[in-house]
$ cat work_3.csv   # CSV, C-alpha atoms
chain,number,residue,atom,x,y,z
A,1177,MET,CA,-12.4,-1.5,-14.8
A,1178,SER,CA,-9.7,1.2,-15.0
A,1179,LYS,CA,-6.2,0.3,-14.2
A,1180,PRO,CA,-5.4,0.4,-10.5
A,1181,GLU,CA,-4.0,3.7,-9.2
A,1182,PHE,CA,-1.7,1.8,-6.9
A,1183,VAL,CA,-0.8,-1.7,-5.8
A,1184,TYR,CA,0.8,-2.4,-2.4
A,1185,VAL,CA,2.4,-5.7,-1.4
A,1186,THR,CA,3.6,-6.9,2.0
A,1187,PHE,CA,4.7,-10.3,3.3
A,1188,ILE,CA,3.5,-11.3,6.7
A,1189,GLU,CA,4.6,-14.2,8.8
A,1190,THR,CA,1.1,-15.6,9.6
A,1191,THR,CA,-1.6,-17.9,8.1
A,1192,PRO,CA,-4.3,-16.9,5.6
A,1193,ASP,CA,-7.0,-17.6,8.3
A,1194,LYS,CA,-5.3,-15.3,10.9
A,1195,LEU,CA,-4.7,-12.6,8.3
A,1196,TRP,CA,-8.3,-12.8,7.1
A,1197,GLN,CA,-9.5,-12.4,10.7
A,1198,ALA,CA,-7.2,-9.5,11.3
A,1199,LEU,CA,-8.6,-7.8,8.1
A,1200,THR,CA,-12.3,-8.4,8.9
A,1201,ASN,CA,-12.7,-8.4,12.6
A,1202,GLY,CA,-13.4,-5.0,14.1
A,1203,ASP,CA,-11.8,-5.8,17.4
A,1204,PHE,CA,-8.5,-6.6,15.5
A,1205,THR,CA,-8.6,-3.7,13.1
A,1206,GLU,CA,-9.0,-1.4,16.1
A,1207,CYS,CA,-5.7,-2.6,17.4
A,1208,TYR,CA,-3.6,-1.9,14.3
A,1209,TRP,CA,-5.7,0.4,12.1
A,1210,PHE,CA,-5.1,3.4,14.3
A,1211,GLY,CA,-8.3,2.9,16.3
A,1212,TYR,CA,-10.6,2.3,13.3
A,1213,ARG,CA,-13.2,-0.4,13.4
A,1214,LEU,CA,-14.4,-2.2,10.3
A,1215,ASP,CA,-17.9,-3.6,10.8
A,1216,SER,CA,-19.7,-5.9,8.4
A,1217,ASP,CA,-21.0,-9.5,8.0
A,1218,TRP,CA,-18.6,-9.6,5.0
A,1219,LYS,CA,-21.3,-11.1,2.6
A,1220,VAL,CA,-21.4,-9.8,-1.0
A,1221,GLY,CA,-23.9,-6.9,-1.1
A,1222,SER,CA,-23.7,-6.2,2.6
A,1223,SER,CA,-22.6,-2.8,3.9
A,1224,MET,CA,-19.3,-2.3,5.7
A,1225,THR,CA,-18.5,0.7,7.8
A,1226,LEU,CA,-15.2,2.1,9.0
A,1227,GLY,CA,-15.5,4.2,12.1
A,1228,LYS,CA,-13.7,5.5,15.1
A,1229,GLY,CA,-15.2,6.3,18.5
A,1230,GLY,CA,-18.7,5.6,17.2
A,1231,ASN,CA,-18.4,8.0,14.3
A,1232,VAL,CA,-18.8,6.4,10.8
A,1233,MET,CA,-16.1,7.7,8.5
A,1234,ASP,CA,-16.6,5.5,5.4
A,1235,GLU,CA,-19.7,3.7,4.2
A,1236,CYS,CA,-18.7,0.8,1.9
A,1237,VAL,CA,-20.3,-2.2,0.2
A,1238,ILE,CA,-18.8,-5.7,0.0
A,1239,LEU,CA,-18.2,-6.5,-3.7
A,1240,GLU,CA,-16.4,-9.8,-3.4
A,1241,SER,CA,-15.9,-12.2,-0.5
A,1242,ASP,CA,-13.9,-15.4,-0.8
A,1243,PRO,CA,-12.4,-16.2,2.6
A,1244,PRO,CA,-9.5,-16.5,3.2
A,1245,ARG,CA,-8.3,-15.5,-0.3
A,1246,ARG,CA,-10.0,-12.3,-1.5
A,1247,ILE,CA,-12.1,-9.5,-0.2
A,1248,SER,CA,-13.2,-6.5,-2.3
A,1249,TYR,CA,-15.2,-3.5,-1.1
A,1250,SER,CA,-16.2,-0.1,-2.4
A,1251,TRP,CA,-14.5,2.8,-0.6
A,1252,HIS,CA,-16.6,5.7,0.1
A,1253,PRO,CA,-15.5,8.3,2.7
A,1254,ILE,CA,-18.5,10.3,4.1
A,1255,TYR,CA,-16.7,12.6,6.6
A,1256,ASP,CA,-16.1,15.2,4.0
A,1257,ASP,CA,-18.9,16.7,1.7
A,1258,ASP,CA,-16.8,16.6,-1.5
A,1259,MET,CA,-15.6,13.1,-0.8
A,1260,ALA,CA,-19.1,11.9,0.0
A,1261,LYS,CA,-20.3,13.2,-3.4
A,1262,GLU,CA,-17.5,11.3,-5.2
A,1263,LYS,CA,-18.3,8.0,-6.9
A,1264,PRO,CA,-16.9,5.2,-4.6
A,1265,SER,CA,-13.6,3.6,-5.6
A,1266,ARG,CA,-12.8,0.0,-5.2
A,1267,VAL,CA,-10.4,-1.8,-2.8
A,1268,THR,CA,-9.3,-5.4,-3.3
A,1269,LEU,CA,-7.3,-7.4,-0.8
A,1270,ASP,CA,-5.6,-10.6,-2.0
A,1271,LEU,CA,-4.1,-13.2,0.4
A,1272,GLU,CA,-1.7,-15.8,-1.0
A,1273,PRO,CA,0.1,-18.3,1.2
A,1274,ARG,CA,3.9,-18.5,0.3
A,1275,GLY,CA,5.4,-21.0,2.6
A,1276,LYS,CA,5.8,-19.5,6.0
A,1277,VAL,CA,4.4,-16.2,5.0
A,1278,VAL,CA,1.3,-14.8,3.4
A,1279,LYS,CA,1.6,-12.3,0.5
A,1280,LEU,CA,-1.0,-9.5,1.0
A,1281,THR,CA,-1.8,-7.4,-2.0
A,1282,VAL,CA,-4.0,-4.3,-1.8
A,1283,THR,CA,-5.2,-2.8,-5.0
A,1284,HIS,CA,-7.1,0.4,-5.1
A,1285,GLN,CA,-8.8,1.5,-8.3
A,1286,ASP,CA,-11.7,3.2,-10.1
A,1287,PHE,CA,-11.1,6.7,-8.7
A,1288,PRO,CA,-12.9,9.4,-10.7
A,1289,GLU,CA,-10.8,12.1,-12.4
A,1290,HIS,CA,-9.5,14.8,-10.0
A,1291,SER,CA,-10.4,12.6,-7.1
A,1292,LYS,CA,-10.1,14.2,-3.7
A,1293,VAL,CA,-10.2,10.8,-2.0
A,1294,LEU,CA,-7.1,9.5,-3.9
A,1295,PRO,CA,-4.5,11.8,-2.4
A,1296,SER,CA,-6.1,11.5,1.0
A,1297,ILE,CA,-5.6,7.7,1.2
A,1298,SER,CA,-2.6,6.8,-1.0
A,1299,GLY,CA,-0.1,7.3,1.9
A,1300,GLY,CA,-2.3,5.5,4.4
A,1301,TRP,CA,-2.1,1.9,3.2
A,1302,PRO,CA,1.7,1.5,3.8
A,1303,MET,CA,1.1,2.8,7.3
A,1304,VAL,CA,-1.8,0.3,7.9
A,1305,PHE,CA,0.3,-2.5,6.4
A,1306,ALA,CA,3.3,-1.8,8.6
A,1307,SER,CA,1.1,-1.7,11.7
A,1308,LEU,CA,-0.8,-4.9,10.7
A,1309,LYS,CA,2.5,-6.7,10.0
A,1310,THR,CA,3.9,-5.7,13.4
A,1311,PHE,CA,0.6,-6.6,15.1
A,1312,LEU,CA,0.4,-10.1,13.5
A,1313,GLU,CA,4.1,-10.9,13.9
A,1314,THR,CA,4.6,-9.6,17.4
A,1315,GLY,CA,1.1,-9.1,18.9
A,1316,GLN,CA,1.9,-5.4,19.4
A,1317,PRO,CA,0.4,-2.6,17.3
A,1318,LEU,CA,2.9,-0.2,15.8
A,1319,SER,CA,1.6,2.8,17.8
A,1320,LEU,CA,3.6,1.4,20.8
A,1321,ASP,CA,7.2,2.3,21.3
A,1322,PRO,CA,8.9,0.3,18.5
A,1323,THR,CA,12.0,-0.1,20.7
A,1324,SER,CA,10.2,-2.1,23.4
A,1325,GLY,CA,9.9,-5.9,22.6
A,1326,THR,CA,11.0,-7.3,19.3
B,1448,MET,CA,16.0,-6.0,4.0
B,1449,ASP,CA,19.5,-6.6,2.3
B,1450,GLU,CA,17.7,-7.0,-1.0
B,1451,VAL,CA,16.0,-3.7,-0.6
B,1452,PHE,CA,19.3,-1.8,0.0
B,1453,LYS,CA,21.1,-3.7,-2.8
B,1454,ALA,CA,18.2,-2.9,-5.2
B,1455,LEU,CA,18.3,0.8,-4.2
B,1456,ALA,CA,22.1,1.0,-4.5
B,1457,ASP,CA,22.0,1.6,-8.2
B,1458,ALA,CA,21.1,4.9,-10.0
B,1459,SER,CA,19.4,3.2,-13.0
B,1460,ARG,CA,17.1,1.3,-10.7
B,1461,ARG,CA,16.3,4.4,-8.6
B,1462,SER,CA,15.5,6.2,-11.9
B,1463,LEU,CA,13.0,3.4,-12.8
B,1464,LEU,CA,11.4,3.9,-9.4
B,1465,ASP,CA,11.3,7.6,-10.0
B,1466,ARG,CA,9.5,7.0,-13.2
B,1467,LEU,CA,6.9,4.8,-11.6
B,1468,HIS,CA,6.5,7.3,-8.7
B,1469,ALA,CA,5.7,10.0,-11.3
B,1470,ASP,CA,3.4,7.7,-13.3
B,1471,ASN,CA,2.4,4.5,-11.6
B,1472,GLY,CA,1.2,1.4,-13.4
B,1473,GLN,CA,3.4,1.3,-16.6
B,1474,THR,CA,4.0,-1.4,-19.2
B,1475,LEU,CA,7.6,-2.4,-20.0
B,1476,ASN,CA,7.3,-0.5,-23.3
B,1477,GLU,CA,6.2,2.7,-21.5
B,1478,LEU,CA,9.0,2.4,-19.0
B,1479,CYS,CA,11.6,1.9,-21.7
B,1480,ASP,CA,10.3,4.9,-23.7
B,1481,GLY,CA,12.8,7.7,-23.7
B,1482,LEU,CA,15.2,5.9,-21.4
B,1483,ASP,CA,18.9,5.6,-22.3
B,1484,MET,CA,18.9,1.9,-21.4
B,1485,SER,CA,18.4,-1.2,-23.4
B,1486,ARG,CA,15.2,-3.1,-23.0
B,1487,GLN,CA,17.2,-6.0,-21.7
B,1488,ALA,CA,18.8,-3.8,-19.0
B,1489,VAL,CA,15.4,-2.5,-17.9
B,1490,THR,CA,14.1,-6.0,-17.7
B,1491,LYS,CA,17.0,-7.1,-15.6
B,1492,HIS,CA,16.7,-4.0,-13.2
B,1493,LEU,CA,13.0,-4.6,-12.9
B,1494,ALA,CA,13.6,-8.2,-11.9
B,1495,ILE,CA,15.9,-7.1,-9.1
B,1496,LEU,CA,13.4,-4.4,-8.0
B,1497,GLU,CA,10.6,-7.0,-8.0
B,1498,ALA,CA,12.7,-9.5,-6.0
B,1499,ALA,CA,13.2,-6.8,-3.4
B,1500,ASN,CA,9.4,-6.1,-3.4
B,1501,LEU,CA,10.0,-2.5,-4.5
B,1502,VAL,CA,8.1,-3.1,-7.7
B,1503,VAL,CA,5.0,-5.3,-8.1
B,1504,THR,CA,3.4,-6.3,-11.3
B,1505,ILE,CA,-0.2,-7.1,-12.1
B,1506,ARG,CA,-2.1,-8.3,-15.1
B,1507,HIS,CA,-4.6,-5.8,-16.4
B,1508,GLY,CA,-6.4,-7.1,-19.4
B,1509,ARG,CA,-3.6,-8.2,-21.8
B,1510,GLU,CA,-1.0,-5.9,-20.3
B,1511,LYS,CA,1.5,-6.4,-17.5
B,1512,LEU,CA,1.7,-3.3,-15.4
B,1513,HIS,CA,4.5,-2.2,-13.1
B,1514,TYR,CA,3.8,-0.4,-9.8
B,1515,ILE,CA,6.1,1.1,-7.3
B,1516,ASN,CA,5.6,-0.6,-3.9
B,1517,PRO,CA,6.6,1.8,-1.1
B,1518,VAL,CA,5.9,-0.8,1.7
B,1519,PRO,CA,9.6,-2.0,2.1
B,1520,ILE,CA,10.8,1.6,2.2
B,1521,HIS,CA,8.2,2.5,4.7
B,1522,GLU,CA,9.3,-0.5,6.9
B,1523,ILE,CA,12.9,0.8,6.8
B,1524,GLY,CA,11.6,4.2,8.0
B,1525,GLU,CA,9.5,2.5,10.8
B,1526,ARG,CA,12.5,0.7,12.0
B,1527,TRP,CA,14.7,3.7,12.7
B,1528,ILE,CA,12.3,6.7,12.9
B,1529,ARG,CA,10.4,7.1,16.1
B,1530,LYS,CA,6.9,8.3,16.0
B,1531,PHE,CA,7.7,11.7,17.7
B,1532,GLU,CA,10.5,12.4,15.2
B,1533,ARG,CA,8.3,12.2,12.2
B,1534,GLY,CA,7.0,15.8,12.4
B,1535,ARG,CA,10.5,17.3,12.8
B,1536,LEU,CA,11.9,15.1,9.9
B,1537,ALA,CA,9.0,16.2,7.6
B,1538,ALA,CA,9.7,19.8,8.4
B,1539,LEU,CA,13.4,19.3,7.8
B,1540,SER,CA,12.9,17.6,4.4
B,1541,GLU,CA,10.4,20.3,3.4
B,1542,LEU,CA,13.0,22.9,4.2
B,1543,LYS,CA,15.6,21.1,2.2
B,1544,ARG,CA,13.2,20.7,-0.7
B,1545,GLN,CA,12.4,24.4,-0.7
B,1546,LEU,CA,16.0,25.5,-0.5
B,1547,GLU,CA,17.4,23.2,-3.1
B,1548,THR,CA,16.5,23.6,-6.7
B,1549,ARG,CA,17.8,20.2,-7.8
B,1550,ASP,CA,16.1,17.1,-6.3
B,1551,GLU,CA,19.0,14.7,-6.7
$ encode --input "work_3.csv" --output "structure tokens"
Amino acid sequence: MSKPEFVYVTFIETTPDKLWQALTNGDFTECYWFGYRLDSDWKVGSSMTLGKGGNVMDECVILESDPPRRISYSWHPIYDDDMAKEKPSRVTLDLEPRGKVVKLTVTHQDFPEHSKVLPSISGGWPMVFASLKTFLETGQPLSLDPTSGT
Amino acid sequence: MDEVFKALADASRRSLLDRLHADNGQTLNELCDGLDMSRQAVTKHLAILEAANLVVTIRHGREKLHYINPVPIHEIGERWIRKFERGRLAALSELKRQLETRDE
């Protein structure tokens, strides 16, 4: 495996089980992932789709599943012809309890050279993370006015 | 959040972040290469950046790789920048970037 293109880490005041649910339940992802639903049975080899408003944007495959510690899936956007032709990259999410918080690490790797997908998503994870953290810690997604309710 | 500001309040540490931003996932040797800083000093600065969660390390084979982690900086932005200000701020910083030749 090539070295990861990027690694993002955040600490969220929650439990590994709740975080796992937030990462794998479409009803939850819709709340913080800017309206996107992730749908899968989360078994190794199963498909996983990421979609919005009934349109499938990414067609992925579950590569590793070890609840509530690690999930890994291929990442394959299909909404753009060039991206659809690209070899899928690989996303890995690691959950580690650290006292009252859970350390969440996302690693994204195996992009082909001159990838069009890489620049399209590298800014996206911190946004998803920030929204996920707010959602789990306050019950509110970040898209709401951040000044209301703390 | 104090840790993040303290970690950023040092030009050497900011330059280490710049180096990782330009080329992410470097070993300690790669990071030290061409720097006017002792290996010990780099190690010390990296430890402070790591404690502030601005740098994360992973094992890749036999190597320990350093990555810039923009999440805490993003959280600072989220705290004080409102959603509707983002477009205007992006336009302003793009204007600044285009008008200034130096990026310090």
$ atom_distance --input "work_3.csv" --atom1 "CA of Ala1260 in chain A" --atom2 "CA of Asn1231 in chain A"
14.8 Å
$ closest_atom_pairs --input "work_3.csv" --of "chain B" --to "chain A" --cutoff "10 Å" --atoms "only C-alpha atoms" --output "JSON lines"
{"residue": "B:Asp1470", "atom": "CA", "partner": "A:Glu1181", "partner_atom": "CA", "distance": 9.4}
{"residue": "B:Asn1471", "atom": "CA", "partner": "A:Phe1182", "partner_atom": "CA", "distance": 6.8}
{"residue": "B:Gly1472", "atom": "CA", "partner": "A:Glu1181", "partner_atom": "CA", "distance": 7.1}
{"residue": "B:Gln1473", "atom": "CA", "partner": "A:Lys1179", "partner_atom": "CA", "distance": 9.9}
{"residue": "B:Asn1500", "atom": "CA", "partner": "A:Val1185", "partner_atom": "CA", "distance": 7.3}
{"residue": "B:Leu1501", "atom": "CA", "partner": "A:Val1185", "partner_atom": "CA", "distance": 8.8}
{"residue": "B:Val1502", "atom": "CA", "partner": "A:Val1185", "partner_atom": "CA", "distance": 8.9}
{"residue": "B:Val1503", "atom": "CA", "partner": "A:Val1185", "partner_atom": "CA", "distance": 7.2}
{"residue": "B:Thr1504", "atom": "CA", "partner": "A:Val1183", "partner_atom": "CA", "distance": 8.3}
{"residue": "B:Ile1505", "atom": "CA", "partner": "A:Val1183", "partner_atom": "CA", "distance": 8.3}
{"residue": "B:Arg1506", "atom": "CA", "partner": "A:Lys1179", "partner_atom": "CA", "distance": 9.6}
{"residue": "B:His1507", "atom": "CA", "partner": "A:Lys1179", "partner_atom": "CA", "distance": 6.7}
{"residue": "B:Gly1508", "atom": "CA", "partner": "A:Lys1179", "partner_atom": "CA", "distance": 9.0}
{"residue": "B:Leu1512", "atom": "CA", "partner": "A:Lys1179", "partner_atom": "CA", "distance": 8.8}
{"residue": "B:His1513", "atom": "CA", "partner": "A:Val1183", "partner_atom": "CA", "distance": 9.0}
{"residue": "B:Tyr1514", "atom": "CA", "partner": "A:Val1183", "partner_atom": "CA", "distance": 6.2}
{"residue": "B:Ile1515", "atom": "CA", "partner": "A:Val1183", "partner_atom": "CA", "distance": 7.6}
{"residue": "B:Asn1516", "atom": "CA", "partner": "A:Tyr1184", "partner_atom": "CA", "distance": 5.3}
{"residue": "B:Pro1517", "atom": "CA", "partner": "A:Pro1302", "partner_atom": "CA", "distance": 6.9}
{"residue": "B:Val1518", "atom": "CA", "partner": "A:Pro1302", "partner_atom": "CA", "distance": 5.2}
{"residue": "B:Pro1519", "atom": "CA", "partner": "A:Thr1186", "partner_atom": "CA", "distance": 7.7}
{"residue": "B:Ile1520", "atom": "CA", "partner": "A:Pro1302", "partner_atom": "CA", "distance": 9.2}
{"residue": "B:His1521", "atom": "CA", "partner": "A:Pro1302", "partner_atom": "CA", "distance": 6.6}
{"residue": "B:Glu1522", "atom": "CA", "partner": "A:Ala1306", "partner_atom": "CA", "distance": 6.4}
{"residue": "B:Glu1525", "atom": "CA", "partner": "A:Ala1306", "partner_atom": "CA", "distance": 7.9}
{"residue": "B:Arg1526", "atom": "CA", "partner": "A:Pro1322", "partner_atom": "CA", "distance": 7.4}
{"residue": "B:Trp1527", "atom": "CA", "partner": "A:Pro1322", "partner_atom": "CA", "distance": 8.9}
{"residue": "B:Ile1528", "atom": "CA", "partner": "A:Pro1322", "partner_atom": "CA", "distance": 9.2}
{"residue": "B:Arg1529", "atom": "CA", "partner": "A:Pro1322", "partner_atom": "CA", "distance": 7.4}
{"residue": "B:Lys1530", "atom": "CA", "partner": "A:Ser1319", "partner_atom": "CA", "distance": 7.8}
$ residues_around --input "work_3.csv" --residues "Leu1478 in chain B" --least-positions-apart "6" --cutoff "9 Å" --atoms "all atoms listed in the file" --output "JSON, numbers by chain"
{"B": [1463, 1466, 1467, 1489, 1513]}
$ residues_around --input "work_3.csv" --residues "Thr1205 in chain A" --least-positions-apart "6" --cutoff "12 Å" --atoms "only C-alpha atoms" --output "JSON, numbers by chain"
{"A": [1195, 1196, 1197, 1198, 1199, 1211, 1212, 1213, 1214, 1215, 1226, 1227, 1228, 1304, 1305, 1307, 1308, 1309, 1311, 1312, 1317]}
$ atom_distance --input "work_3.csv" --atom1 "CA of Leu1546 in chain B" --atom2 "CA of Arg1461 in chain B"
22.6 Å
